[in-house]
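As provided, coords-v4.txt (compact mmCIF, C-alpha atoms) reads as follows.
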```txt
# COMPACT_ATOMS: atom_id res chain seq x y z
CA MET A 1 0.55 -25.88 9.82
CA SER A 2 -0.81 -26.01 6.27
CA ASP A 3 0.97 -24.38 3.33
CA SER A 4 -1.78 -21.75 3.10
CA GLU A 5 -1.51 -20.93 6.81
CA GLY A 6 2.25 -20.56 6.43
CA THR A 7 1.79 -18.24 3.45
CA GLY A 8 -0.73 -16.16 5.37
CA ARG A 9 1.66 -15.79 8.29
CA TRP A 10 4.51 -14.80 5.96
CA ARG A 11 2.31 -12.16 4.31
CA ARG A 12 1.43 -10.58 7.64
CA GLU A 13 5.01 -10.67 8.85
CA ARG A 14 6.15 -9.08 5.59
CA LEU A 15 3.43 -6.44 5.90
CA ALA A 16 4.62 -5.56 9.40
CA ARG A 17 8.10 -4.84 7.99
CA ALA A 18 6.83 -2.90 4.97
CA ARG A 19 7.39 0.85 4.89
CA LEU A 20 7.27 1.88 1.22
CA TYR A 21 4.12 1.14 -0.79
CA LEU A 22 3.84 1.97 -4.51
CA CYS A 23 0.62 2.27 -6.51
CA THR A 24 1.00 2.11 -10.28
CA GLY A 25 -0.92 1.12 -13.36
CA LEU A 26 -0.06 -0.20 -16.80
CA ARG A 27 3.00 1.22 -18.53
CA PRO A 28 5.11 0.06 -21.50
CA ASP A 29 8.18 -0.64 -19.36
CA LEU A 30 6.28 -2.38 -16.54
CA PRO A 31 8.58 -5.42 -16.05
CA THR A 32 11.81 -3.40 -15.90
CA PHE A 33 10.16 -0.61 -13.89
CA LEU A 34 8.90 -2.99 -11.19
CA ASP A 35 12.24 -4.77 -11.01
CA GLU A 36 14.05 -1.44 -10.65
CA VAL A 37 11.87 0.00 -7.89
CA MET A 38 11.51 -3.22 -5.91
CA ALA A 39 15.25 -3.87 -6.06
CA ALA A 40 15.75 -0.32 -4.75
CA GLY A 41 13.48 -0.87 -1.75
CA VAL A 42 9.74 -0.77 -2.52
CA ASP A 43 8.04 -3.28 -0.20
CA VAL A 44 4.49 -3.36 -1.61
CA VAL A 45 3.26 -2.84 -5.17
CA GLN A 46 -0.40 -2.22 -5.90
CA LEU A 47 -1.95 -2.66 -9.34
CA ARG A 48 -4.28 0.33 -9.64
CA GLU A 49 -5.76 0.75 -13.09
CA LYS A 50 -9.32 1.99 -13.61
CA ARG A 51 -9.70 1.86 -17.38
CA ALA A 52 -7.86 -1.20 -18.68
CA ALA A 53 -9.52 -4.16 -20.38
CA PRO A 54 -9.73 -7.33 -18.26
CA ALA A 55 -7.20 -9.15 -20.42
CA ASP A 56 -4.71 -6.30 -20.05
CA LEU A 57 -5.23 -6.24 -16.28
CA GLU A 58 -4.64 -9.96 -16.04
CA GLY A 59 -1.47 -9.71 -18.11
CA ALA A 60 -0.14 -6.85 -16.02
CA GLY A 61 -1.10 -8.68 -12.86
CA ARG A 62 1.13 -11.59 -13.81
CA VAL A 63 4.03 -9.18 -14.18
CA PHE A 64 3.31 -7.70 -10.74
CA GLN A 65 3.01 -11.12 -9.15
CA GLN A 66 6.28 -12.37 -10.62
CA ALA A 67 8.16 -9.18 -9.65
CA ALA A 68 6.89 -9.39 -6.08
CA GLN A 69 8.04 -13.00 -5.85
CA ARG A 70 11.49 -12.17 -7.21
CA HIS A 71 11.98 -9.36 -4.71
CA ASP A 72 10.34 -10.87 -1.64
CA GLY A 73 7.66 -8.17 -1.67
CA LEU A 74 3.88 -8.00 -1.57
CA PHE A 75 1.50 -7.63 -4.52
CA ILE A 76 -1.87 -5.99 -3.86
CA VAL A 77 -4.79 -5.56 -6.27
CA ASN A 78 -6.92 -2.42 -6.04
CA ASP A 79 -10.69 -2.85 -5.54
CA ASP A 80 -11.20 -6.21 -7.25
CA ALA A 81 -11.17 -9.10 -4.75
CA ARG A 82 -11.93 -11.71 -7.40
CA LEU A 83 -9.06 -10.53 -9.60
CA CYS A 84 -6.84 -10.71 -6.51
CA VAL A 85 -7.63 -14.42 -6.16
CA ALA A 86 -7.32 -15.10 -9.89
CA LEU A 87 -3.87 -13.49 -9.99
CA GLU A 88 -2.74 -15.24 -6.79
CA ALA A 89 -1.99 -11.80 -5.36
CA ASP A 90 -1.09 -11.28 -1.72
CA GLY A 91 -4.11 -9.12 -1.05
CA VAL A 92 -6.73 -6.60 -2.10
CA HIS A 93 -7.21 -2.96 -1.15
CA VAL A 94 -10.72 -1.53 -0.88
CA GLY A 95 -11.98 2.00 -0.39
CA GLN A 96 -14.90 3.54 1.44
CA ASP A 97 -17.02 3.31 -1.72
CA ASP A 98 -16.04 -0.29 -2.60
CA MET A 99 -17.17 -3.56 -1.07
CA PRO A 100 -16.63 -3.51 2.71
CA PRO A 101 -13.63 -5.35 4.13
CA SER A 102 -15.83 -8.15 5.45
CA GLU A 103 -17.07 -8.94 1.93
CA ALA A 104 -13.57 -8.69 0.51
CA ARG A 105 -12.43 -11.13 3.19
CA GLU A 106 -15.11 -13.60 2.17
CA VAL A 107 -13.77 -13.55 -1.38
CA VAL A 108 -10.02 -13.60 -0.74
CA GLY A 109 -10.01 -15.79 2.38
CA GLY A 110 -8.11 -15.57 5.61
CA GLU A 111 -4.62 -16.10 4.20
CA ARG A 112 -4.62 -13.02 1.97
CA LEU A 113 -4.39 -9.41 3.09
CA VAL A 114 -7.20 -6.86 3.05
CA GLY A 115 -6.34 -3.15 3.10
CA TYR A 116 -8.87 -0.38 3.73
CA SER A 117 -8.74 3.34 2.89
CA THR A 118 -9.62 5.95 5.50
CA HIS A 119 -9.95 9.71 5.12
CA GLY A 120 -10.28 11.08 8.63
CA ILE A 121 -10.28 10.33 12.33
CA GLU A 122 -13.79 8.86 12.48
CA GLU A 123 -13.12 6.55 9.54
CA ILE A 124 -9.85 5.41 11.15
CA ASP A 125 -11.67 4.54 14.36
CA ARG A 126 -14.41 2.64 12.50
CA ALA A 127 -11.86 0.80 10.36
CA LEU A 128 -10.14 -0.60 13.44
CA GLY A 129 -13.32 -2.58 14.05
CA GLU A 130 -13.24 -4.05 10.53
CA ASP A 131 -11.63 -7.27 9.34
CA CYS A 132 -8.68 -5.65 7.59
CA ASP A 133 -4.93 -6.07 7.92
CA TYR A 134 -3.75 -2.52 7.25
CA LEU A 135 -5.11 0.97 6.68
CA GLY A 136 -4.50 3.66 4.13
CA VAL A 137 -4.70 7.14 5.71
CA GLY A 138 -5.04 10.25 3.58
CA PRO A 139 -4.70 12.12 1.38
CA VAL A 140 -2.59 14.38 3.57
CA HIS A 141 -2.06 16.75 0.63
CA ALA A 142 -4.18 17.31 -2.47
CA THR A 143 -3.24 14.98 -5.32
CA PRO A 144 -4.67 14.26 -8.78
CA THR A 145 -4.54 10.53 -8.01
CA LYS A 146 -7.35 11.16 -5.49
CA GLU A 147 -9.50 13.40 -7.66
CA GLY A 148 -12.23 15.18 -5.71
CA ARG A 149 -10.83 14.10 -2.35
CA LEU A 150 -10.02 17.01 -0.01
CA PRO A 151 -6.67 16.89 1.82
CA ILE A 152 -6.98 15.86 5.46
CA GLY A 153 -3.69 17.16 6.85
CA LEU A 154 -1.51 15.47 9.44
CA GLU A 155 -3.82 15.29 12.45
CA PRO A 156 -5.42 11.98 11.33
CA VAL A 157 -1.89 10.58 10.90
CA ARG A 158 -1.07 11.51 14.49
CA HIS A 159 -4.34 9.95 15.61
CA ALA A 160 -3.65 6.72 13.74
CA ALA A 161 -0.17 6.55 15.28
CA HIS A 162 -1.76 6.57 18.74
CA VAL A 163 -4.71 4.22 18.17
CA SER A 164 -3.90 1.83 15.33
CA ASP A 165 -3.13 -1.76 16.24
CA ARG A 166 -2.07 -2.55 12.68
CA PRO A 167 0.19 -1.04 9.99
CA PHE A 168 -1.03 2.10 8.24
CA PHE A 169 0.34 3.78 5.14
CA VAL A 170 -0.11 7.48 4.50
CA THR A 171 -1.22 8.78 1.09
CA GLY A 172 -1.42 12.14 -0.62
CA ALA A 173 1.46 13.62 -2.65
CA MET A 174 4.07 11.66 -0.72
CA SER A 175 7.61 12.43 -1.88
CA THR A 176 11.06 13.13 -0.53
CA VAL A 177 9.78 16.64 0.26
CA THR A 178 6.61 15.68 2.15
CA ALA A 179 7.88 12.45 3.74
CA PRO A 180 9.85 13.94 6.68
CA GLU A 181 6.90 15.76 8.29
CA THR A 182 4.63 12.79 7.63
CA LEU A 183 7.02 10.39 9.30
CA ALA A 184 7.48 12.81 12.19
CA ALA A 185 3.69 12.70 12.66
CA GLY A 186 3.97 8.95 13.25
CA ALA A 187 3.30 7.32 9.89
CA HIS A 188 4.08 3.61 9.77
CA GLY A 189 4.73 3.82 6.04
CA LEU A 190 4.18 5.85 2.89
CA VAL A 191 2.11 5.29 -0.23
CA VAL A 192 3.92 6.90 -3.14
CA VAL A 193 2.64 7.30 -6.69
CA ARG A 194 3.79 10.15 -8.95
CA ALA A 195 7.08 10.87 -7.17
CA ILE A 196 8.21 7.42 -8.34
CA THR A 197 6.13 6.70 -11.46
CA GLU A 198 6.94 10.07 -13.09
CA ALA A 199 10.58 10.24 -12.00
CA ALA A 200 13.40 10.32 -14.54
CA ASP A 201 15.25 7.88 -12.26
CA PRO A 202 12.65 5.93 -10.24
CA GLY A 203 15.23 3.75 -8.53
CA GLU A 204 17.10 6.76 -7.16
CA VAL A 205 13.88 8.29 -5.79
CA VAL A 206 13.11 4.99 -4.06
CA ARG A 207 16.59 4.89 -2.55
CA GLN A 208 16.16 8.44 -1.22
CA LEU A 209 12.83 7.51 0.33
CA VAL A 210 14.31 4.36 1.86
CA ARG A 211 17.05 6.45 3.45
CA LEU A 212 14.44 8.79 4.95
CA LEU A 213 12.51 5.82 6.30
CA ALA A 214 15.67 4.28 7.72
CA SER A 215 16.69 7.52 9.44
CA ASP A 216 13.19 7.73 10.90
CA ASP A 217 13.56 4.20 12.28
CA LEU A 218 16.81 5.23 13.96
CA SER A 219 15.19 8.32 15.45
CA GLY A 220 12.51 6.18 17.11
CA GLU A 221 9.73 8.48 15.91
CA VAL A 222 7.66 5.82 14.14
CA GLY A 223 5.66 3.79 16.58
CA ASP A 224 6.83 5.88 19.56
CA VAL A 225 3.47 7.21 20.64
CA GLY A 226 4.23 7.84 24.29
```
Show how you would write the structure in this file as structure tokens.
Amino acid sequence: MSDSEGTGRWRRERLARARLYLCTGLRPDLPTFLDEVMAAGVDVVQLREKRAAPADLEGAGRVFQQAAQRHDGLFIVNDDARLCVALEADGVHVGQDDMPPSEAREVVGGERLVGYSTHGIEEIDRALGEDCDYLGVGPVHATPTKEGRLPIGLEPVRHAAHVSDRPFFVTGAMSTVTAPETLAAGAHGLVVVRAITEAADPGEVVRQLVRLLASDDLSGEVGDVG
């Protein structure tokens, strides 16, 4: 097995264990923030920044990549497959309005991860025929991080729990308040943004979410689709 094949297998094995996925952009305390939340239990960190200059994105990307390595986590780049390769990230996440997963795969190769956003039952079903490693499902609730996107509720989460053959992470105002019902609907994992990035104590919020995820594992609700 080549080094790249081994890395690709590790990434997919790590993805299968991942439950808590954080999207964040540039911030003044980025190195300490990422260390704090990843040490507390965040599995995946995504660099999502729409307005930064390329040089700033590259600099931030190095911080993400180093933090993920220190904490045995995954680093994902939003939208930009070429930046993903340049930063030696673990993968790229694309949306319905971005390049399709097949094109992203051509850019990043077979050893990196490709994630794909879905916003309803039909999109989930179509995505399962695409060359992607995991799905984003949502937003379950309205959120300013998905401006203009109507909430889809929990039924698509239940559907994904029954049909998905790969990990899926649920988006849309996920927090310690909304997590329990989302996990009860069968979510594999949660994508969290503001509940962590705007918290006075981000590490404590992560620890609370990790406890909810752990209790859900013990209950057998996740993945138990009958």
A:Thr32: which residues within 12 Å, counting only C-alpha atoms, same-chain residues fewer than 3 positions away excluded, as a ChimeraX atom specification?
/A:27-29,35-39,63-64,66-67,202-203
Pairwise distance, atom CA of A:Glu130 with atom CA of A:Ala161, equals 17.5 Å
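For the residues A:Arg211, A:Arg112, A:Arg166, A:Arg149, ranking by smallest atom-to-atom distance to A:Gly8 using all atoms listed in the file places A:Arg112 first.
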A:Leu22 surroundings by only C-alpha atoms, 6 Å radius, close-in-sequence under 2 positions cut, as a list of chain:residue names:
A:Val45, A:Val191, A:Val192, A:Val193
Please work out which residues fall within 12 Å of (-1.4, -17.2, -11.0), coordinates as given in the file, with only C-alpha atoms counting, and return them as a PyMOL selection string.
chain A and resi 58-66+69+75+83-90
Produce stretch 33-167 of chain A of the given structure as output with C-alpha atoms, as a CSV table (one decimal), in the first residue's frame.
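Below is the file that was written, result-v2.csv:
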```csv
chain,number,residue,atom,x,y,z
A,33,PHE,CA,-9.7,28.9,19.2
A,34,LEU,CA,-9.0,25.8,17.0
A,35,ASP,CA,-6.8,24.2,19.6
A,36,GLU,CA,-9.5,24.8,22.3
A,37,VAL,CA,-12.4,23.3,20.3
A,38,MET,CA,-10.5,20.4,18.8
A,39,ALA,CA,-9.1,19.5,22.2
A,40,ALA,CA,-12.6,19.5,23.6
A,41,GLY,CA,-13.9,17.1,20.9
A,42,VAL,CA,-14.5,18.7,17.5
A,43,ASP,CA,-13.7,16.0,14.9
A,44,VAL,CA,-13.8,18.1,11.7
A,45,VAL,CA,-13.0,21.7,11.0
A,46,GLN,CA,-14.1,23.4,7.8
A,47,LEU,CA,-12.6,26.7,6.6
A,48,ARG,CA,-15.6,28.6,5.3
A,49,GLU,CA,-14.8,32.2,4.4
A,50,LYS,CA,-16.4,33.9,1.4
A,51,ARG,CA,-14.8,37.3,1.4
A,52,ALA,CA,-11.1,36.9,2.4
A,53,ALA,CA,-8.2,37.7,0.1
A,54,PRO,CA,-6.4,34.6,-1.2
A,55,ALA,CA,-3.3,35.3,0.8
A,56,ASP,CA,-5.4,35.5,4.0
A,57,LEU,CA,-7.2,32.2,3.1
A,58,GLU,CA,-3.9,30.4,2.6
A,59,GLY,CA,-2.5,31.7,5.9
A,60,ALA,CA,-5.6,30.6,7.8
A,61,GLY,CA,-5.6,27.3,6.0
A,62,ARG,CA,-2.1,26.5,7.3
A,63,VAL,CA,-3.4,27.2,10.8
A,64,PHE,CA,-6.4,24.8,10.2
A,65,GLN,CA,-4.1,22.1,8.7
A,66,GLN,CA,-1.7,22.2,11.6
A,67,ALA,CA,-4.5,22.2,14.3
A,68,ALA,CA,-6.1,19.2,12.6
A,69,GLN,CA,-2.8,17.3,12.6
A,70,ARG,CA,-2.2,18.1,16.3
A,71,HIS,CA,-5.6,16.9,17.3
A,72,ASP,CA,-6.0,13.9,15.0
A,73,GLY,CA,-8.9,15.5,13.2
A,74,LEU,CA,-10.0,16.4,9.7
A,75,PHE,CA,-9.5,19.7,7.9
A,76,ILE,CA,-12.0,20.5,5.1
A,77,VAL,CA,-12.0,23.4,2.7
A,78,ASN,CA,-15.3,24.9,1.6
A,79,ASP,CA,-16.0,25.1,-2.2
A,80,ASP,CA,-12.4,25.5,-3.5
A,81,ALA,CA,-11.0,22.1,-4.6
A,82,ARG,CA,-7.7,23.7,-5.8
A,83,LEU,CA,-7.2,25.4,-2.5
A,84,CYS,CA,-7.9,22.1,-0.8
A,85,VAL,CA,-4.9,20.6,-2.6
A,86,ALA,CA,-2.7,23.6,-2.2
A,87,LEU,CA,-3.3,23.5,1.6
A,88,GLU,CA,-2.9,19.7,1.8
A,89,ALA,CA,-6.3,19.6,3.4
A,90,ASP,CA,-8.1,16.3,4.0
A,91,GLY,CA,-11.0,17.2,1.7
A,92,VAL,CA,-13.3,19.7,0.1
A,93,HIS,CA,-17.0,20.4,0.6
A,94,VAL,CA,-19.2,21.5,-2.3
A,95,GLY,CA,-22.8,22.7,-2.5
A,96,GLN,CA,-25.5,22.3,-5.0
A,97,ASP,CA,-24.5,25.5,-6.8
A,98,ASP,CA,-20.7,24.7,-6.8
A,99,MET,CA,-18.8,22.3,-9.0
A,100,PRO,CA,-20.3,18.8,-8.9
A,101,PRO,CA,-18.7,16.2,-6.7
A,102,SER,CA,-17.3,14.4,-9.8
A,103,GLU,CA,-15.3,17.5,-10.8
A,104,ALA,CA,-14.2,18.1,-7.3
A,105,ARG,CA,-12.9,14.5,-7.2
A,106,GLU,CA,-10.9,15.1,-10.4
A,107,VAL,CA,-9.2,18.0,-8.7
A,108,VAL,CA,-8.5,16.5,-5.2
A,109,GLY,CA,-8.0,12.9,-6.2
A,110,GLY,CA,-9.1,9.7,-4.7
A,111,GLU,CA,-7.3,10.0,-1.4
A,112,ARG,CA,-9.0,13.1,-0.2
A,113,LEU,CA,-12.6,13.5,0.9
A,114,VAL,CA,-15.4,15.1,-1.0
A,115,GLY,CA,-18.5,16.3,0.9
A,116,TYR,CA,-21.8,17.4,-0.7
A,117,SER,CA,-24.6,19.5,0.6
A,118,THR,CA,-28.2,18.4,0.3
A,119,HIS,CA,-31.4,20.3,1.1
A,120,GLY,CA,-34.2,17.7,0.8
A,121,ILE,CA,-35.1,14.1,0.2
A,122,GLU,CA,-34.7,14.2,-3.6
A,123,GLU,CA,-31.3,15.8,-3.3
A,124,ILE,CA,-30.2,13.2,-0.7
A,125,ASP,CA,-31.3,10.4,-3.0
A,126,ARG,CA,-29.4,11.9,-6.0
A,127,ALA,CA,-26.3,12.6,-3.9
A,128,LEU,CA,-26.0,8.9,-3.0
A,129,GLY,CA,-25.3,8.3,-6.7
A,130,GLU,CA,-22.5,10.8,-6.7
A,131,ASP,CA,-18.8,10.3,-6.0
A,132,CYS,CA,-18.8,11.8,-2.5
A,133,ASP,CA,-17.7,10.6,0.9
A,134,TYR,CA,-20.3,12.3,3.1
A,135,LEU,CA,-23.4,14.4,2.9
A,136,GLY,CA,-24.5,17.6,4.6
A,137,VAL,CA,-28.2,17.6,5.3
A,138,GLY,CA,-30.1,20.8,6.1
A,139,PRO,CA,-30.7,23.4,7.2
A,140,VAL,CA,-33.2,21.8,9.6
A,141,HIS,CA,-33.8,25.3,11.2
A,142,ALA,CA,-33.5,28.7,9.7
A,143,THR,CA,-30.0,30.2,10.2
A,144,PRO,CA,-28.2,33.3,9.0
A,145,THR,CA,-25.2,31.1,7.9
A,146,LYS,CA,-27.5,29.8,5.1
A,147,GLU,CA,-29.0,33.0,4.0
A,148,GLY,CA,-32.0,32.6,1.7
A,149,ARG,CA,-32.2,28.8,2.4
A,150,LEU,CA,-35.6,27.7,3.8
A,151,PRO,CA,-35.5,25.3,6.7
A,152,ILE,CA,-36.3,21.7,5.7
A,153,GLY,CA,-37.3,20.2,9.1
A,154,LEU,CA,-36.4,16.8,10.4
A,155,GLU,CA,-38.1,14.5,7.8
A,156,PRO,CA,-35.1,14.6,5.4
A,157,VAL,CA,-32.9,13.6,8.4
A,158,ARG,CA,-35.0,10.6,9.1
A,159,HIS,CA,-34.9,9.7,5.4
A,160,ALA,CA,-31.1,10.0,5.3
A,161,ALA,CA,-30.8,7.8,8.4
A,162,HIS,CA,-32.7,5.0,6.5
A,163,VAL,CA,-31.1,5.3,3.1
A,164,SER,CA,-27.6,6.7,3.4
A,165,ASP,CA,-24.7,4.4,3.0
A,166,ARG,CA,-22.2,7.0,4.1
A,167,PRO,CA,-21.8,9.5,7.0
```
